[in-house]
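Structure data (TSV, C-alpha atoms and all ligand atoms) from structure.tsv:
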chain	number	residue	atom	x	y	z
B	160	MET	CA	-51.04	-82.98	-44.67
B	161	ALA	CA	-54.34	-84.61	-45.50
B	162	SER	CA	-57.19	-86.80	-44.34
B	163	VAL	CA	-56.84	-90.59	-44.69
B	164	GLU	CA	-60.01	-92.54	-45.42
B	165	ILE	CA	-60.18	-96.32	-45.58
B	166	THR	CA	-63.30	-98.14	-46.72
B	167	GLY	CA	-63.93	-101.88	-46.89
B	168	LEU	CA	-60.23	-102.64	-46.77
B	169	LYS	CA	-59.30	-106.30	-47.15
B	170	LYS	CA	-56.01	-108.13	-47.37
B	171	ASN	CA	-55.24	-111.71	-48.31
B	172	PHE	CA	-51.90	-113.44	-48.18
B	173	GLY	CA	-52.50	-116.40	-50.49
B	174	ALA	CA	-55.73	-118.06	-49.32
B	175	VAL	CA	-55.61	-116.45	-45.87
B	176	GLU	CA	-57.53	-113.23	-45.26
B	177	VAL	CA	-55.80	-111.20	-42.53
B	178	ILE	CA	-57.75	-107.91	-42.81
B	179	HIS	CA	-61.49	-108.38	-43.10
B	180	GLY	CA	-63.03	-105.16	-44.38
B	181	ILE	CA	-61.89	-102.22	-42.30
B	182	ASP	CA	-63.53	-98.77	-42.36
B	183	LEU	CA	-61.60	-95.92	-40.79
B	184	GLN	CA	-61.74	-92.17	-41.34
B	185	ILE	CA	-58.86	-90.09	-40.09
B	186	GLU	CA	-59.19	-86.32	-40.14
B	187	ASP	CA	-56.66	-83.90	-41.46
B	188	GLY	CA	-54.17	-83.26	-38.64
B	189	GLU	CA	-55.52	-85.98	-36.36
B	190	PHE	CA	-53.23	-88.29	-34.35
B	191	VAL	CA	-54.61	-91.82	-34.31
B	192	ALA	CA	-53.05	-94.72	-32.43
B	193	LEU	CA	-53.57	-98.23	-33.74
B	194	VAL	CA	-53.26	-100.88	-31.06
B	195	GLY	CA	-53.89	-104.60	-30.77
B	196	PRO	CA	-52.20	-107.91	-30.10
B	197	SER	CA	-49.31	-109.21	-32.15
B	198	GLY	CA	-50.42	-110.52	-35.55
B	199	CYS	CA	-53.73	-108.57	-35.62
B	200	GLY	CA	-52.73	-106.73	-38.82
B	201	LYS	CA	-51.34	-103.38	-37.64
B	202	SER	CA	-48.17	-103.41	-39.75
B	203	THR	CA	-50.02	-104.79	-42.75
B	204	LEU	CA	-52.56	-101.97	-42.54
B	205	LEU	CA	-49.80	-99.35	-42.41
B	206	ARG	CA	-47.96	-100.94	-45.32
B	207	ILE	CA	-51.15	-100.90	-47.39
B	208	ILE	CA	-51.82	-97.23	-46.59
B	209	SER	CA	-48.25	-96.31	-47.52
B	210	GLY	CA	-48.40	-98.28	-50.76
B	211	LEU	CA	-45.69	-100.81	-49.84
B	212	GLU	CA	-48.30	-103.58	-50.02
B	213	PRO	CA	-51.35	-103.73	-52.33
B	214	ALA	CA	-54.86	-104.02	-50.85
B	215	SER	CA	-56.90	-107.07	-51.86
B	216	GLY	CA	-60.12	-105.07	-51.71
B	217	GLY	CA	-61.54	-101.73	-50.65
B	218	GLU	CA	-60.45	-98.16	-51.10
B	219	ILE	CA	-57.86	-95.80	-49.65
B	220	ARG	CA	-58.28	-92.06	-50.05
B	221	ILE	CA	-55.69	-89.48	-49.12
B	222	GLY	CA	-56.87	-85.89	-49.12
B	223	GLY	CA	-60.06	-87.09	-50.80
B	224	ASN	CA	-58.33	-88.82	-53.73
B	225	VAL	CA	-58.28	-92.57	-54.31
B	226	VAL	CA	-54.63	-93.70	-54.14
B	227	ASN	CA	-54.91	-97.49	-54.51
B	228	HIS	CA	-53.10	-97.37	-57.85
B	229	LEU	CA	-50.31	-95.00	-56.66
B	230	ASN	CA	-46.84	-96.10	-55.55
B	231	PRO	CA	-45.36	-95.01	-52.16
B	232	ARG	CA	-43.51	-92.03	-53.60
B	233	GLU	CA	-46.63	-90.74	-55.35
B	234	ARG	CA	-48.66	-91.08	-52.14
B	235	ASN	CA	-46.10	-88.90	-50.33
B	236	ILE	CA	-46.58	-90.58	-46.97
B	237	ALA	CA	-43.69	-90.73	-44.51
B	238	MET	CA	-43.02	-94.04	-42.75
B	239	VAL	CA	-41.14	-93.83	-39.44
B	240	PHE	CA	-39.67	-97.11	-38.24
B	241	GLN	CA	-37.83	-98.21	-35.10
B	242	ASN	CA	-34.53	-97.64	-36.76
B	243	TYR	CA	-34.14	-94.03	-37.78
B	244	ALA	CA	-31.29	-94.85	-40.16
B	245	LEU	CA	-29.66	-91.44	-40.50
B	246	TYR	CA	-26.57	-91.33	-42.70
B	247	PRO	CA	-23.70	-91.32	-40.16
B	248	HIS	CA	-21.19	-89.54	-42.41
B	249	MET	CA	-23.55	-86.67	-43.29
B	250	SER	CA	-24.32	-83.58	-41.21
B	251	VAL	CA	-27.80	-82.99	-39.82
B	252	ALA	CA	-28.44	-80.46	-42.61
B	253	LYS	CA	-27.34	-82.94	-45.31
B	254	ASN	CA	-29.42	-85.72	-43.77
B	255	MET	CA	-32.48	-83.48	-43.74
B	256	GLY	CA	-31.99	-82.29	-47.30
B	257	PHE	CA	-31.02	-85.62	-48.85
B	258	ASN	CA	-34.45	-86.64	-50.17
B	259	LEU	CA	-35.03	-83.16	-51.58
B	260	LYS	CA	-31.74	-83.40	-53.43
B	261	LEU	CA	-32.80	-86.76	-54.89
B	262	SER	CA	-36.05	-85.22	-56.07
B	263	GLY	CA	-34.08	-82.60	-58.01
B	264	MET	CA	-34.72	-79.48	-55.92
B	265	ASN	CA	-32.03	-76.83	-56.27
B	266	ARG	CA	-29.44	-76.18	-53.59
B	267	LYS	CA	-30.80	-72.80	-52.46
B	268	ALA	CA	-34.38	-74.04	-52.13
B	269	ILE	CA	-33.14	-77.09	-50.18
B	270	ASP	CA	-31.12	-74.90	-47.79
B	271	GLU	CA	-34.10	-72.66	-47.15
B	272	LYS	CA	-36.51	-75.53	-46.58
B	273	VAL	CA	-34.06	-77.32	-44.25
B	274	LYS	CA	-33.51	-74.11	-42.27
B	275	ASP	CA	-37.26	-73.50	-41.88
B	276	VAL	CA	-37.91	-77.02	-40.63
B	277	ALA	CA	-34.81	-77.00	-38.39
B	278	LYS	CA	-36.11	-73.85	-36.75
B	279	LEU	CA	-39.55	-75.36	-36.24
B	280	LEU	CA	-38.03	-78.46	-34.61
B	281	GLU	CA	-35.38	-76.51	-32.68
B	282	LEU	CA	-32.60	-78.19	-34.61
B	283	ASP	CA	-31.13	-74.95	-35.95
B	284	ASN	CA	-28.11	-75.11	-33.60
B	285	LEU	CA	-27.31	-78.68	-34.59
B	286	LEU	CA	-27.25	-78.44	-38.38
B	287	ASP	CA	-23.48	-78.99	-38.67
B	288	ARG	CA	-23.32	-81.96	-36.32
B	289	LYS	CA	-23.07	-85.61	-37.35
B	290	PRO	CA	-25.70	-88.08	-36.06
B	291	GLY	CA	-23.08	-89.63	-33.75
B	292	GLN	CA	-22.85	-86.31	-31.89
B	293	LEU	CA	-26.58	-86.21	-31.08
B	294	SER	CA	-28.71	-87.66	-28.29
B	295	GLY	CA	-31.37	-90.26	-29.08
B	296	GLY	CA	-34.11	-87.64	-28.88
B	297	GLN	CA	-32.26	-85.28	-31.20
B	298	ARG	CA	-31.68	-88.07	-33.72
B	299	GLN	CA	-35.40	-88.79	-33.68
B	300	ARG	CA	-36.12	-85.13	-34.32
B	301	VAL	CA	-33.70	-85.13	-37.28
B	302	ALA	CA	-35.39	-88.22	-38.72
B	303	MET	CA	-38.77	-86.50	-38.38
B	304	GLY	CA	-37.32	-83.33	-39.86
B	305	ARG	CA	-36.03	-85.27	-42.84
B	306	ALA	CA	-39.58	-86.46	-43.46
B	307	ILE	CA	-41.23	-83.09	-42.77
B	308	VAL	CA	-39.13	-81.19	-45.34
B	309	ARG	CA	-41.02	-83.12	-48.00
B	310	ASP	CA	-44.39	-81.91	-46.68
B	311	PRO	CA	-45.81	-85.43	-46.35
B	312	ALA	CA	-49.57	-85.99	-46.53
B	313	ALA	CA	-49.29	-88.14	-43.38
B	314	PHE	CA	-46.89	-89.82	-40.97
B	315	LEU	CA	-47.10	-93.54	-40.33
B	316	PHE	CA	-45.23	-94.87	-37.29
B	317	ASP	CA	-44.68	-98.60	-36.77
B	318	GLU	CA	-43.73	-99.16	-33.12
B	319	PRO	CA	-40.94	-96.59	-33.30
B	320	LEU	CA	-40.07	-96.76	-29.60
B	321	SER	CA	-40.36	-100.48	-28.91
B	322	ASN	CA	-36.61	-101.13	-28.76
B	323	LEU	CA	-35.88	-98.41	-26.23
B	324	ASP	CA	-35.58	-98.67	-22.47
B	325	ALA	CA	-38.51	-97.37	-20.39
B	326	LYS	CA	-36.98	-94.01	-19.50
B	327	LEU	CA	-35.99	-93.09	-23.05
B	328	ARG	CA	-39.35	-94.30	-24.31
B	329	VAL	CA	-41.21	-91.84	-22.09
B	330	GLN	CA	-38.88	-89.04	-23.19
B	331	MET	CA	-39.31	-89.85	-26.90
B	332	ARG	CA	-43.05	-90.12	-26.46
B	333	SER	CA	-43.28	-86.53	-25.25
B	334	GLU	CA	-40.90	-85.50	-28.04
B	335	ILE	CA	-43.31	-87.00	-30.61
B	336	LYS	CA	-46.29	-85.33	-28.94
B	337	THR	CA	-44.57	-81.93	-29.07
B	338	LEU	CA	-43.67	-82.44	-32.72
B	339	HIS	CA	-47.25	-83.24	-33.61
B	340	GLN	CA	-48.51	-80.17	-31.78
B	341	ARG	CA	-46.14	-78.06	-33.87
B	342	VAL	CA	-46.55	-79.54	-37.33
B	343	LYS	CA	-50.05	-81.07	-37.02
B	344	THR	CA	-49.31	-83.65	-39.69
B	345	THR	CA	-51.94	-86.39	-39.85
B	346	SER	CA	-50.40	-89.32	-37.97
B	347	ILE	CA	-51.15	-93.02	-37.62
B	348	TYR	CA	-49.13	-94.53	-34.81
B	349	VAL	CA	-48.91	-98.29	-34.29
B	350	THR	CA	-47.98	-99.51	-30.86
B	351	HIS	CA	-48.67	-102.51	-28.63
B	352	ASP	CA	-48.27	-100.21	-25.61
B	353	GLN	CA	-51.73	-99.07	-24.44
B	354	ILE	CA	-50.34	-96.30	-22.25
B	355	GLU	CA	-48.37	-94.89	-25.17
B	356	ALA	CA	-51.54	-94.95	-27.28
B	357	MET	CA	-53.70	-93.33	-24.60
B	358	THR	CA	-51.24	-90.51	-23.88
B	359	LEU	CA	-50.32	-89.68	-27.49
B	360	ALA	CA	-53.46	-90.03	-29.53
B	361	ASP	CA	-56.57	-87.94	-30.20
B	362	ARG	CA	-58.26	-91.24	-31.02
B	363	VAL	CA	-57.36	-94.87	-30.39
B	364	VAL	CA	-58.32	-97.71	-32.74
B	365	ILE	CA	-58.33	-101.20	-31.26
B	366	LEU	CA	-57.66	-103.91	-33.80
B	367	ASN	CA	-58.14	-107.62	-33.19
B	368	GLY	CA	-57.76	-110.42	-35.71
B	369	GLY	CA	-58.05	-108.11	-38.71
B	370	ASN	CA	-61.16	-106.26	-37.48
B	371	ILE	CA	-61.71	-103.02	-35.56
B	372	GLU	CA	-63.13	-103.77	-32.11
B	373	GLN	CA	-63.64	-100.11	-31.19
B	374	ALA	CA	-62.37	-96.67	-32.11
B	375	GLY	CA	-62.74	-93.58	-29.96
B	376	ARG	CA	-61.16	-90.96	-27.75
B	377	PRO	CA	-58.94	-92.50	-25.06
B	378	ILE	CA	-61.28	-91.35	-22.27
B	379	ASP	CA	-64.32	-92.91	-23.99
B	380	LEU	CA	-62.60	-96.24	-24.56
B	381	TYR	CA	-61.59	-96.26	-20.94
B	382	ASN	CA	-65.01	-95.30	-19.57
B	383	LYS	CA	-67.24	-96.99	-22.13
B	384	PRO	CA	-65.56	-100.05	-23.65
B	385	ASP	CA	-67.86	-101.79	-26.15
B	386	ASN	CA	-66.84	-105.27	-25.09
B	387	LEU	CA	-64.67	-107.35	-22.79
B	388	PHE	CA	-61.80	-107.47	-25.24
B	389	VAL	CA	-61.55	-103.67	-25.28
B	390	ALA	CA	-61.95	-103.44	-21.50
B	391	ALA	CA	-59.20	-105.99	-20.95
B	392	PHE	CA	-56.94	-104.40	-23.51
B	393	ILE	CA	-57.31	-100.88	-22.16
B	394	GLY	CA	-57.15	-102.12	-18.60
B	395	THR	CA	-60.51	-100.73	-17.47
B	396	PRO	CA	-61.11	-101.86	-13.90
B	397	SER	CA	-64.15	-104.19	-13.79
I	1	LIG	P1	-49.00	-106.93	-36.40
I	1	LIG	O1	-48.19	-105.84	-37.01
I	1	LIG	O2	-50.30	-106.47	-35.81
I	1	LIG	O3	-48.23	-107.74	-35.42
I	1	LIG	P2	-48.98	-108.03	-39.10
I	1	LIG	O4	-49.67	-106.99	-39.89
I	1	LIG	O5	-47.50	-108.08	-39.18
I	1	LIG	O6	-49.44	-107.95	-37.56
I	1	LIG	O7	-49.54	-109.45	-39.52
I	1	LIG	C1	-50.93	-109.73	-39.64
I	1	LIG	C2	-51.12	-111.18	-40.12
I	1	LIG	O8	-50.67	-111.28	-41.47
I	1	LIG	C3	-50.31	-112.18	-39.33
I	1	LIG	O9	-51.07	-113.36	-39.22
I	1	LIG	C4	-49.09	-112.40	-40.19
I	1	LIG	O10	-48.56	-113.71	-39.99
I	1	LIG	C5	-49.64	-112.26	-41.59
I	1	LIG	N1	-48.64	-111.73	-42.55
I	1	LIG	C6	-48.05	-110.52	-42.49
I	1	LIG	N2	-47.21	-110.33	-43.53
I	1	LIG	C7	-47.29	-111.46	-44.27
I	1	LIG	C8	-46.69	-111.90	-45.51
I	1	LIG	N3	-45.83	-111.12	-46.19
I	1	LIG	N4	-47.02	-113.12	-45.98
I	1	LIG	C9	-47.91	-113.91	-45.32
I	1	LIG	N5	-48.53	-113.56	-44.16
I	1	LIG	C10	-48.22	-112.36	-43.65
I	2	MG	MG	-46.21	-105.22	-36.60
Would you write the structure of this file as structure tokens?
Amino acid sequence: MASVEITGLKKNFGAVEVIHGIDLQIEDGEFVALVGPSGCGKSTLLRIISGLEPASGGEIRIGGNVVNHLNPRERNIAMVFQNYALYPHMSVAKNMGFNLKLSGMNRKAIDEKVKDVAKLLELDNLLDRKPGQLSGGQRQRVAMGRAIVRDPAAFLFDEPLSNLDAKLRVQMRSEIKTLHQRVKTTSIYVTHDQIEAMTLADRVVILNGGNIEQAGRPIDLYNKPDNLFVAAFIGTPS
């Protein structure tokens, strides 16, 4: 895991600038939620950090090193999407080890790494199961485990729970919180759900129209919003 530092980040699509010079420092091990209305640039910002999309200006540092010129694999950042996309025909163990196998690690080292991570995530009793034999929460844990075995510098989440019903969403939320407490991997979590952001994150960043309106601890945003937009978004009583 590593710090993620963004300075003067800009993004244009053709003639249109959608991110206008963002500065954001995320500490090693910190959990930051990125919130804001639809179209404000949350997904674009994540895609730029991960290397899926080039920046138009500014700098991205991971663990202190500039990574603008590196591809996603070289940046070693794990993206977690809504759809966990486990391989249905492979066991939990095979799913978790798959990327390690692709990277050329030997069988024994893969088995050891998968076992260690499975133990950490309490998946050690489920290693022989297929994804179809798991609950939603367990599948999520396997997907996270598959990313963790590669020791990613950071986790990026793009609205991973938005397709779930309310009850499952609350359950998965606490699952993600527990995982972070165990592995402490630097995490940037995009959501349009303020409550999710406030309960999960060490720090919440409020984005609007490609700019940061305010960033701070949930309690500070709630008690001391910088402006009406933040107050309305967080739901501070006026
Ligand atoms: P969010 O995830 O906050 O809903 P996005 O990052 O998806 O917002 O989009 C930010 C802005 O950039 C929007 O105005 C969107 O229309 C625009 N945009 C995103 N991706 C592209 C693209 N590939 N080409 C052109 N415009 C894009
Ligand atoms: Mg989005």
Exercise: segment 272-281 of chain B partners within 7 Å, only C-alpha atoms, chain neighbours under 6 positions left out, as a list in words: Ala252, Met255, Gly256, Arg300, Gly304 and Val308 of chain B
Please, could you write that set of residues out with C-alpha atoms as an mmCIF file, in the coordinates of the input?
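The result, written out as part.cif:
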data_model
loop_
_atom_site.group_PDB
_atom_site.id
_atom_site.type_symbol
_atom_site.label_atom_id
_atom_site.label_comp_id
_atom_site.auth_asym_id
_atom_site.auth_seq_id
_atom_site.Cartn_x
_atom_site.Cartn_y
_atom_site.Cartn_z
ATOM 1 C CA ALA B 252 -28.440 -80.460 -42.610
ATOM 2 C CA MET B 255 -32.480 -83.480 -43.740
ATOM 3 C CA GLY B 256 -31.990 -82.290 -47.300
ATOM 4 C CA ARG B 300 -36.120 -85.130 -34.320
ATOM 5 C CA GLY B 304 -37.320 -83.330 -39.860
ATOM 6 C CA VAL B 308 -39.130 -81.190 -45.340
#
Just need the box for ligand LIG 1 (chain I), edges along x, y and z, holding every atom the file lists for it with 8 Å tacked onto each side, so centre and edge lengths in Å to one decimal, as lines of an AutoDock Vina configuration file.
center_x = -48.5
center_y = -109.9
center_z = -40.8
size_x = 21.3
size_y = 24.1
size_z = 26.8
In Å to one decimal, how far is atom CA of Val239 of chain B from atom CA of Arg328 of chain B?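 These atoms are spaced 15.2 Å apart.
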Of B:Glu318, B:Glu334, B:Glu355, B:Glu372, the one sitting nearest ligand MG 2 (chain I) when using only C-alpha atoms and all ligand atoms is B:Glu318
Margin query: Just checking: using only C-alpha atoms, which residue out of B:Ile393, B:Leu338, B:Val329, B:Ile365 ends up closest to Gln353 of chain B?
Written below: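 For Gln353 of chain B, the nearest of the candidates is B:Ile393.
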List all protein, DNA and RNA residues that have at least one atom no more than 10 Å from any atom of ligand LIG 1 (chain I), counting only C-alpha atoms and all ligand atoms, and write them as a PDB file with C-alpha atoms, in the coordinates of the input.
ATOM      1  CA  LYS B 170     -56.010-108.130 -47.370  1.00  0.00           C
ATOM      2  CA  ASN B 171     -55.240-111.710 -48.310  1.00  0.00           C
ATOM      3  CA  PHE B 172     -51.900-113.440 -48.180  1.00  0.00           C
ATOM      4  CA  GLY B 173     -52.500-116.400 -50.490  1.00  0.00           C
ATOM      5  CA  ALA B 174     -55.730-118.060 -49.320  1.00  0.00           C
ATOM      6  CA  VAL B 175     -55.610-116.450 -45.870  1.00  0.00           C
ATOM      7  CA  GLU B 176     -57.530-113.230 -45.260  1.00  0.00           C
ATOM      8  CA  VAL B 177     -55.800-111.200 -42.530  1.00  0.00           C
ATOM      9  CA  ILE B 178     -57.750-107.910 -42.810  1.00  0.00           C
ATOM     10  CA  LEU B 193     -53.570 -98.230 -33.740  1.00  0.00           C
ATOM     11  CA  VAL B 194     -53.260-100.880 -31.060  1.00  0.00           C
ATOM     12  CA  GLY B 195     -53.890-104.600 -30.770  1.00  0.00           C
ATOM     13  CA  PRO B 196     -52.200-107.910 -30.100  1.00  0.00           C
ATOM     14  CA  SER B 197     -49.310-109.210 -32.150  1.00  0.00           C
ATOM     15  CA  GLY B 198     -50.420-110.520 -35.550  1.00  0.00           C
ATOM     16  CA  CYS B 199     -53.730-108.570 -35.620  1.00  0.00           C
ATOM     17  CA  GLY B 200     -52.730-106.730 -38.820  1.00  0.00           C
ATOM     18  CA  LYS B 201     -51.340-103.380 -37.640  1.00  0.00           C
ATOM     19  CA  SER B 202     -48.170-103.410 -39.750  1.00  0.00           C
ATOM     20  CA  THR B 203     -50.020-104.790 -42.750  1.00  0.00           C
ATOM     21  CA  LEU B 204     -52.560-101.970 -42.540  1.00  0.00           C
ATOM     22  CA  LEU B 205     -49.800 -99.350 -42.410  1.00  0.00           C
ATOM     23  CA  ARG B 206     -47.960-100.940 -45.320  1.00  0.00           C
ATOM     24  CA  ILE B 207     -51.150-100.900 -47.390  1.00  0.00           C
ATOM     25  CA  GLU B 212     -48.300-103.580 -50.020  1.00  0.00           C
ATOM     26  CA  ASP B 317     -44.680 -98.600 -36.770  1.00  0.00           C
ATOM     27  CA  GLU B 318     -43.730 -99.160 -33.120  1.00  0.00           C
ATOM     28  CA  VAL B 349     -48.910 -98.290 -34.290  1.00  0.00           C
ATOM     29  CA  THR B 350     -47.980 -99.510 -30.860  1.00  0.00           C
ATOM     30  CA  HIS B 351     -48.670-102.510 -28.630  1.00  0.00           C
ATOM     31  CA  LEU B 366     -57.660-103.910 -33.800  1.00  0.00           C
ATOM     32  CA  ASN B 367     -58.140-107.620 -33.190  1.00  0.00           C
ATOM     33  CA  GLY B 368     -57.760-110.420 -35.710  1.00  0.00           C
ATOM     34  CA  GLY B 369     -58.050-108.110 -38.710  1.00  0.00           C
TER      35      GLY B 369
END
(Q) Using only C-alpha atoms, can you tell me which of B:Arg332, B:Lys343, B:Arg362, B:Arg305 comes closest to Met238 of chain B? (A)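 So, comparing all the options, the nearest one is B:Arg305.
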Completion of segment 316-346 of chain B up to N, CA and C atoms, as a short mmCIF file (atom, residue, chain, number, x, y, z; two decimals), in the frame of the given file:
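Ended up saving to result28.cif:
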data_model
loop_
_atom_site.label_atom_id
_atom_site.label_comp_id
_atom_site.auth_asym_id
_atom_site.auth_seq_id
_atom_site.Cartn_x
_atom_site.Cartn_y
_atom_site.Cartn_z
N PHE B 316 -46.27 -94.40 -38.23
CA PHE B 316 -45.23 -94.87 -37.29
C PHE B 316 -45.50 -96.34 -36.98
N ASP B 317 -44.50 -97.20 -37.16
CA ASP B 317 -44.68 -98.60 -36.77
C ASP B 317 -43.81 -98.93 -35.56
N GLU B 318 -44.40 -98.87 -34.39
CA GLU B 318 -43.73 -99.16 -33.12
C GLU B 318 -42.35 -98.53 -33.04
N PRO B 319 -42.27 -97.21 -33.20
CA PRO B 319 -40.94 -96.59 -33.30
C PRO B 319 -40.14 -96.63 -32.01
N LEU B 320 -40.80 -96.85 -30.87
CA LEU B 320 -40.07 -96.76 -29.60
C LEU B 320 -39.88 -98.12 -28.93
N SER B 321 -40.29 -99.20 -29.62
CA SER B 321 -40.36 -100.48 -28.91
C SER B 321 -39.01 -101.07 -28.52
N ASN B 322 -37.93 -100.60 -29.13
CA ASN B 322 -36.61 -101.13 -28.76
C ASN B 322 -35.90 -100.34 -27.67
N LEU B 323 -36.56 -99.29 -27.18
CA LEU B 323 -35.88 -98.41 -26.23
C LEU B 323 -36.19 -98.80 -24.79
N ASP B 324 -35.28 -98.39 -23.87
CA ASP B 324 -35.58 -98.67 -22.47
C ASP B 324 -36.68 -97.71 -21.99
N ALA B 325 -37.29 -98.04 -20.85
CA ALA B 325 -38.51 -97.37 -20.39
C ALA B 325 -38.33 -95.86 -20.27
N LYS B 326 -37.20 -95.44 -19.75
CA LYS B 326 -36.98 -94.01 -19.50
C LYS B 326 -36.91 -93.22 -20.81
N LEU B 327 -36.14 -93.76 -21.75
CA LEU B 327 -35.99 -93.09 -23.05
C LEU B 327 -37.32 -93.09 -23.80
N ARG B 328 -38.07 -94.19 -23.62
CA ARG B 328 -39.35 -94.30 -24.31
C ARG B 328 -40.30 -93.17 -23.88
N VAL B 329 -40.33 -92.90 -22.60
CA VAL B 329 -41.21 -91.84 -22.09
C VAL B 329 -40.76 -90.47 -22.62
N GLN B 330 -39.45 -90.28 -22.68
CA GLN B 330 -38.88 -89.04 -23.19
C GLN B 330 -39.22 -88.84 -24.67
N MET B 331 -39.05 -89.91 -25.45
CA MET B 331 -39.31 -89.85 -26.90
C MET B 331 -40.79 -89.65 -27.18
N ARG B 332 -41.60 -90.24 -26.32
CA ARG B 332 -43.05 -90.12 -26.46
C ARG B 332 -43.45 -88.64 -26.38
N SER B 333 -42.90 -87.94 -25.39
CA SER B 333 -43.28 -86.53 -25.25
C SER B 333 -42.68 -85.69 -26.37
N GLU B 334 -41.54 -86.13 -26.87
CA GLU B 334 -40.90 -85.50 -28.04
C GLU B 334 -41.83 -85.61 -29.27
N ILE B 335 -42.40 -86.78 -29.48
CA ILE B 335 -43.31 -87.00 -30.61
C ILE B 335 -44.59 -86.18 -30.45
N LYS B 336 -45.07 -86.11 -29.23
CA LYS B 336 -46.29 -85.33 -28.94
C LYS B 336 -46.05 -83.84 -29.25
N THR B 337 -44.91 -83.33 -28.81
CA THR B 337 -44.57 -81.93 -29.07
C THR B 337 -44.47 -81.67 -30.57
N LEU B 338 -43.81 -82.59 -31.27
CA LEU B 338 -43.67 -82.44 -32.72
C LEU B 338 -45.03 -82.36 -33.40
N HIS B 339 -45.93 -83.24 -32.98
CA HIS B 339 -47.25 -83.24 -33.61
C HIS B 339 -47.99 -81.94 -33.32
N GLN B 340 -47.84 -81.43 -32.11
CA GLN B 340 -48.51 -80.17 -31.78
C GLN B 340 -47.99 -79.03 -32.64
N ARG B 341 -46.72 -79.12 -33.02
CA ARG B 341 -46.14 -78.06 -33.87
C ARG B 341 -46.49 -78.19 -35.33
N VAL B 342 -46.37 -79.40 -35.88
CA VAL B 342 -46.55 -79.54 -37.33
C VAL B 342 -47.95 -80.00 -37.73
N LYS B 343 -48.67 -80.64 -36.78
CA LYS B 343 -50.05 -81.07 -37.02
C LYS B 343 -50.21 -81.94 -38.26
N THR B 344 -49.19 -82.73 -38.57
CA THR B 344 -49.31 -83.65 -39.69
C THR B 344 -50.16 -84.84 -39.27
N THR B 345 -51.12 -85.21 -40.09
CA THR B 345 -51.94 -86.39 -39.85
C THR B 345 -51.04 -87.57 -39.52
N SER B 346 -51.31 -88.26 -38.40
CA SER B 346 -50.40 -89.32 -37.97
C SER B 346 -51.15 -90.58 -37.58
#
